[in-house]
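Shown here: protein00.cif, mmCIF, C-alpha atoms.
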```cif
data_model
loop_
_atom_site.label_atom_id
_atom_site.label_comp_id
_atom_site.auth_asym_id
_atom_site.auth_seq_id
_atom_site.Cartn_x
_atom_site.Cartn_y
_atom_site.Cartn_z
CA MET A 1 0.00 0.00 0.00
CA ARG A 2 2.82 2.42 0.86
CA PHE A 3 4.45 1.69 -2.46
CA LEU A 4 1.22 2.54 -4.30
CA ILE A 5 0.85 5.84 -2.41
CA LEU A 6 4.49 6.74 -3.11
CA PHE A 7 4.09 5.84 -6.80
CA ILE A 8 0.97 8.00 -7.15
CA PHE A 9 2.65 10.90 -5.37
CA LEU A 10 5.76 10.75 -7.57
CA THR A 11 3.91 10.41 -10.87
CA THR A 12 1.51 13.21 -9.95
CA ASN A 13 4.42 15.55 -9.19
CA VAL A 14 6.21 14.64 -12.42
CA PHE A 15 3.14 15.39 -14.52
CA ALA A 16 2.26 18.51 -12.54
CA ASN A 17 5.64 20.09 -13.30
CA ASP A 18 5.79 19.19 -16.99
CA VAL A 19 4.70 22.03 -19.25
CA SER A 20 6.75 20.89 -22.25
CA GLU A 21 3.62 20.66 -24.40
CA ILE A 22 3.15 24.42 -24.01
CA LYS A 23 5.91 25.52 -26.35
CA ASN A 24 6.24 29.21 -25.51
CA ILE A 25 7.01 28.89 -21.79
CA VAL A 26 10.62 29.56 -20.87
CA ILE A 27 11.50 28.29 -17.39
CA HIS A 28 14.65 29.82 -15.92
CA LYS A 29 17.22 27.65 -14.17
CA ASP A 30 18.78 30.79 -12.73
CA LEU A 31 16.10 33.06 -11.32
CA LYS A 32 16.22 36.69 -12.44
CA VAL A 33 16.09 39.60 -10.02
CA TYR A 34 15.08 43.13 -11.00
CA ASP A 35 15.39 46.39 -9.11
CA ASN A 36 12.59 48.94 -9.11
CA VAL A 37 9.93 47.32 -11.24
CA ASN A 38 7.41 50.14 -11.36
CA PHE A 39 4.35 50.85 -13.48
CA LEU A 40 1.27 53.07 -13.25
CA ASP A 41 -2.36 52.47 -12.42
CA LYS A 42 -5.24 54.43 -14.01
CA ASN A 43 -4.72 57.30 -11.57
CA ASP A 44 -1.00 57.58 -12.42
CA LYS A 45 -0.14 56.11 -9.02
CA GLU A 46 3.17 54.28 -9.17
CA ILE A 47 3.02 50.57 -8.31
CA ASN A 48 6.16 48.67 -7.28
CA ILE A 49 6.06 44.88 -7.37
CA LYS A 50 8.01 44.73 -4.09
CA GLU A 51 4.72 45.73 -2.44
CA PHE A 52 3.43 42.29 -3.47
CA ASN A 53 6.24 40.08 -2.16
CA GLY A 54 4.69 36.90 -0.86
CA ASN A 55 2.37 36.71 -3.87
CA LEU A 56 2.74 34.89 -7.14
CA LEU A 57 2.75 37.63 -9.80
CA LEU A 58 1.98 37.51 -13.48
CA LEU A 59 2.96 40.64 -15.41
CA ASN A 60 1.21 40.49 -18.77
CA PHE A 61 2.47 42.99 -21.35
CA TRP A 62 -0.06 43.77 -24.07
CA ALA A 63 -1.53 46.36 -26.45
CA THR A 64 -5.02 47.00 -27.83
CA TRP A 65 -3.84 46.53 -31.44
CA CYS A 66 -2.39 43.08 -30.66
CA GLU A 67 -4.64 40.24 -31.94
CA PRO A 68 -2.96 37.50 -29.85
CA CYS A 69 -3.43 39.75 -26.80
CA LYS A 70 -7.17 39.91 -27.54
CA GLU A 71 -7.29 36.12 -27.85
CA GLU A 72 -5.59 35.37 -24.54
CA MET A 73 -7.08 38.15 -22.40
CA PRO A 74 -10.38 36.36 -21.54
CA SER A 75 -8.53 33.25 -20.31
CA LEU A 76 -6.17 35.51 -18.33
CA ASP A 77 -9.24 37.10 -16.74
CA ARG A 78 -10.51 33.66 -15.70
CA LEU A 79 -7.07 32.73 -14.35
CA GLN A 80 -7.24 35.60 -11.85
CA ILE A 81 -10.26 34.01 -10.16
CA ASN A 82 -9.10 30.39 -10.36
CA GLU A 83 -9.71 28.95 -6.91
CA ASN A 84 -6.51 26.88 -7.09
CA LEU A 85 -4.42 30.06 -7.46
CA SER A 86 -5.59 32.16 -4.54
CA ASN A 87 -2.15 33.76 -4.13
CA LEU A 88 -1.94 34.95 -7.76
CA LYS A 89 -1.99 38.65 -8.65
CA ILE A 90 -2.20 39.61 -12.33
CA PHE A 91 -0.97 42.94 -13.64
CA ALA A 92 -1.99 43.55 -17.26
CA ILE A 93 0.42 46.28 -18.37
CA ASN A 94 -0.30 48.21 -21.56
CA ILE A 95 2.98 49.10 -23.25
CA SER A 96 1.66 51.24 -26.10
CA GLN A 97 0.97 54.47 -24.24
CA GLU A 98 -2.64 54.21 -25.37
CA SER A 99 -5.34 56.44 -23.92
CA GLU A 100 -7.22 55.33 -20.84
CA LYS A 101 -10.46 55.45 -22.85
CA LYS A 102 -9.08 53.10 -25.52
CA VAL A 103 -7.82 50.69 -22.86
CA ASP A 104 -11.14 50.82 -20.98
CA ASN A 105 -13.02 50.06 -24.20
CA PHE A 106 -10.68 47.12 -24.88
CA PHE A 107 -11.44 45.68 -21.42
CA LYS A 108 -15.17 46.34 -21.83
CA ASP A 109 -15.33 44.74 -25.30
CA LEU A 110 -13.60 41.61 -23.99
CA ASN A 111 -15.62 41.59 -20.73
CA ILE A 112 -12.49 41.72 -18.55
CA LYS A 113 -13.64 42.13 -14.95
CA ASN A 114 -11.20 40.41 -12.62
CA PHE A 115 -8.17 42.69 -12.89
CA ASP A 116 -7.44 46.28 -13.85
CA PRO A 117 -5.27 47.65 -16.63
CA TYR A 118 -1.91 49.19 -15.79
CA PHE A 119 0.40 51.33 -17.86
CA ASP A 120 4.11 51.32 -18.67
CA ALA A 121 5.12 54.86 -19.42
CA PRO A 122 7.33 55.40 -21.33
CA THR A 123 8.00 51.73 -22.08
CA THR A 124 10.59 51.38 -19.33
CA LEU A 125 9.55 47.86 -18.36
CA ALA A 126 9.64 46.71 -21.95
CA LYS A 127 13.33 47.61 -21.84
CA THR A 128 13.90 46.27 -18.32
CA PHE A 129 12.49 42.86 -19.21
CA SER A 130 13.98 42.88 -22.75
CA LEU A 131 10.60 42.22 -24.32
CA ARG A 132 10.67 41.12 -27.95
CA GLY A 133 6.98 41.53 -28.57
CA VAL A 134 3.52 41.29 -27.11
CA PRO A 135 1.95 39.49 -25.53
CA THR A 136 4.66 38.47 -23.11
CA SER A 137 3.96 37.37 -19.56
CA ILE A 138 6.55 37.43 -16.80
CA LEU A 139 6.03 35.07 -13.86
CA ILE A 140 7.48 36.23 -10.55
CA ASP A 141 7.66 34.03 -7.48
CA LYS A 142 6.82 34.94 -3.88
CA ASP A 143 10.39 36.21 -3.34
CA GLY A 144 10.16 38.68 -6.23
CA LYS A 145 12.25 36.66 -8.70
CA GLU A 146 11.37 35.89 -12.30
CA PHE A 147 11.18 32.10 -12.65
CA ALA A 148 9.55 31.89 -16.08
CA ARG A 149 8.11 33.84 -18.97
CA ILE A 150 5.57 33.19 -21.66
CA ILE A 151 6.53 34.57 -25.05
CA GLY A 152 3.43 34.97 -27.17
CA SER A 153 -0.09 34.01 -26.28
CA ILE A 154 -1.33 30.92 -24.49
CA ASP A 155 -4.61 29.65 -23.17
CA PHE A 156 -4.36 30.51 -19.48
CA SER A 157 -7.26 28.07 -18.89
CA ASP A 158 -5.09 25.13 -19.96
CA LYS A 159 -5.16 22.53 -17.17
CA VAL A 160 -1.51 21.57 -17.67
CA PHE A 161 -0.51 25.22 -17.25
CA ILE A 162 -2.73 25.72 -14.18
CA ASN A 163 -1.43 22.56 -12.50
CA TRP A 164 2.14 23.68 -13.14
CA LEU A 165 1.46 27.20 -11.86
CA LYS A 166 -0.20 25.79 -8.71
CA THR A 167 3.19 24.48 -7.61
CA TYR A 168 4.36 28.11 -7.24
CA ASN A 169 1.20 29.33 -5.48
#
```

Take the structure in this file and express it as structure tokens.
Amino acid sequence: MRFLILFIFLTTNVFANDVSEIKNIVIHKDLKVYDNVNFLDKNDKEINIKEFNGNLLLLNFWATWCEPCKEEMPSLDRLQINENLSNLKIFAINISQESEKKVDNFFKDLNIKNFDPYFDAPTTLAKTFSLRGVPTSILIDKDGKEFARIIGSIDFSDKVFINWLKTYN
């Protein structure tokens, strides 16, 4: 019986950590640390990710003109309220210096309700994180270190992805 329990535990952990079928996830062996990661909310209040140490953070960089961003945004919205990821905080950061009205309309058209838009002015985080395009999502662990990034769009509702992300929650 103990052998069976141990076997189930080990195989569950192996499968839970395998995201190889999601091709655009880059998992870092050496975690990356950044100083002063700041962006703005709708009221131009500066937000620093250090205020959220202890949380699993997902910084999603996007723009209203980006079709893959439009495709992934609804699943990202659902991810924020996933009951298995209660420690997750999503920051959707617009990098195009678009007007608040245009961004609000984008969120309204896509029925995004579970997180707010943020702004990167003037594209300082795009440089800090060496972004090559949008969408790009940066995953930051509870200690404030980047452990992975998603280059391009994914389905944030994917069970393999959610099970993998749960291990960092």

Checklist entry - Mind telling me what the PyMOL selection byres ((chain A and resi 58) around 6) catches here, as a list in words? => result Leu57, Leu59, Ile90, Ile138 and Leu139 of chain A

Next on the checklist: Env of region 79-88 of chain A: 7 Å cut, atoms = all atoms listed in the file, seq-sep filter 4 positions within chain, self excluded. Answer as a VMD selection string.
Outcome noted: chain A and resid 55 to 57 75 114 156 to 157 166 169

Selection file, C-alpha atoms, as a compact mmCIF listing (two decimals), in the coordinates of the input:
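Output contents, as saved in selection-v7.txt:
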```txt
# COMPACT_ATOMS: atom_id res chain seq x y z
CA ASN A 55 2.37 36.71 -3.87
CA LEU A 56 2.74 34.89 -7.14
CA LEU A 57 2.75 37.63 -9.80
CA SER A 75 -8.53 33.25 -20.31
CA ASN A 114 -11.20 40.41 -12.62
CA PHE A 156 -4.36 30.51 -19.48
CA SER A 157 -7.26 28.07 -18.89
CA LYS A 166 -0.20 25.79 -8.71
CA ASN A 169 1.20 29.33 -5.48
```

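Nearest-residue note for Ala63 (chain A): choosing from A:Thr136, A:Leu31, A:Asp116, A:Glu46, the minimum distance belongs to A:Thr136, counting only C-alpha atoms.
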
Item to check | Chain and number of each residue from the PyMOL selection byres ((chain A and resi 39) around 12), as a ChimeraX atom specification | outcome: /A:36-38,40-50,59,61,91-95,97,117-126,128

Those residues you just picked out, can you put them in a file as a compact mmCIF listing (two decimals), in the frame of the given file with C-alpha atoms?
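Below is the file that was written, again-v8.txt:
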```
# COMPACT_ATOMS: atom_id res chain seq x y z
CA ASN A 36 12.59 48.94 -9.11
CA VAL A 37 9.93 47.32 -11.24
CA ASN A 38 7.41 50.14 -11.36
CA LEU A 40 1.27 53.07 -13.25
CA ASP A 41 -2.36 52.47 -12.42
CA LYS A 42 -5.24 54.43 -14.01
CA ASN A 43 -4.72 57.30 -11.57
CA ASP A 44 -1.00 57.58 -12.42
CA LYS A 45 -0.14 56.11 -9.02
CA GLU A 46 3.17 54.28 -9.17
CA ILE A 47 3.02 50.57 -8.31
CA ASN A 48 6.16 48.67 -7.28
CA ILE A 49 6.06 44.88 -7.37
CA LYS A 50 8.01 44.73 -4.09
CA LEU A 59 2.96 40.64 -15.41
CA PHE A 61 2.47 42.99 -21.35
CA PHE A 91 -0.97 42.94 -13.64
CA ALA A 92 -1.99 43.55 -17.26
CA ILE A 93 0.42 46.28 -18.37
CA ASN A 94 -0.30 48.21 -21.56
CA ILE A 95 2.98 49.10 -23.25
CA GLN A 97 0.97 54.47 -24.24
CA PRO A 117 -5.27 47.65 -16.63
CA TYR A 118 -1.91 49.19 -15.79
CA PHE A 119 0.40 51.33 -17.86
CA ASP A 120 4.11 51.32 -18.67
CA ALA A 121 5.12 54.86 -19.42
CA PRO A 122 7.33 55.40 -21.33
CA THR A 123 8.00 51.73 -22.08
CA THR A 124 10.59 51.38 -19.33
CA LEU A 125 9.55 47.86 -18.36
CA ALA A 126 9.64 46.71 -21.95
CA THR A 128 13.90 46.27 -18.32
```

Return as AutoDock Vina command-line options the box centre and box size in Å, one decimal, for an axis-aligned box around all listed atoms of region 151-162 of chain A padded by 4 Å per side.
```
--center_x -0.4 --center_y 28.3 --center_z -20.7 --size_x 21.8 --size_y 21.4 --size_z 21.0
```

Checklist outcome for this item: Using all atoms listed in the file, the residue out of A:Thr64, A:Lys113, A:Ser20, A:Ser130 with shortest distance to Glu100 (chain A) is A:Thr64

Item to check | Atomic separation - CA of Ser153 (chain A) relative to CA of Pro68 (chain A), Å | outcome: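 Between CA of Pro68 (chain A) and CA of Ser153 (chain A) the gap works out to 5.8 Å.
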
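The shortest atom-to-atom distance to Arg132 (chain A), with all atoms listed in the file taken into account, belongs to A:Trp62 out of A:Asn111, A:Trp62, A:Glu21, A:Lys101.
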
Checklist entry - Quick one, how far is CA of Glu98 (chain A) from CA of Asp155 (chain A)? => result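 So the two atoms, CA of Glu98 (chain A) and CA of Asp155 (chain A), lie 24.7 Å apart.
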
Checklist entry - Of the residues A:Gly152, A:Tyr34, A:Lys142, A:Lys102, which is the one nearest to Glu67 (chain A), using all atoms listed in the file? => result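 Once distances to Glu67 (chain A) are computed over all atoms listed in the file, the minimum belongs to A:Gly152.
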
Next on the checklist: Given all atoms listed in the file as the basis, pick out the residue of A:Ile162, A:Val33, A:Ile27, A:Met73 nearest to Asp109 (chain A).
Outcome noted: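 Under the stated criterion, the closest residue is A:Met73.
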
Checklist entry - When you draw a straight line from CA of Val160 (chain A) to CA of Val19 (chain A), how long is it in Å? => result 6.4 Å
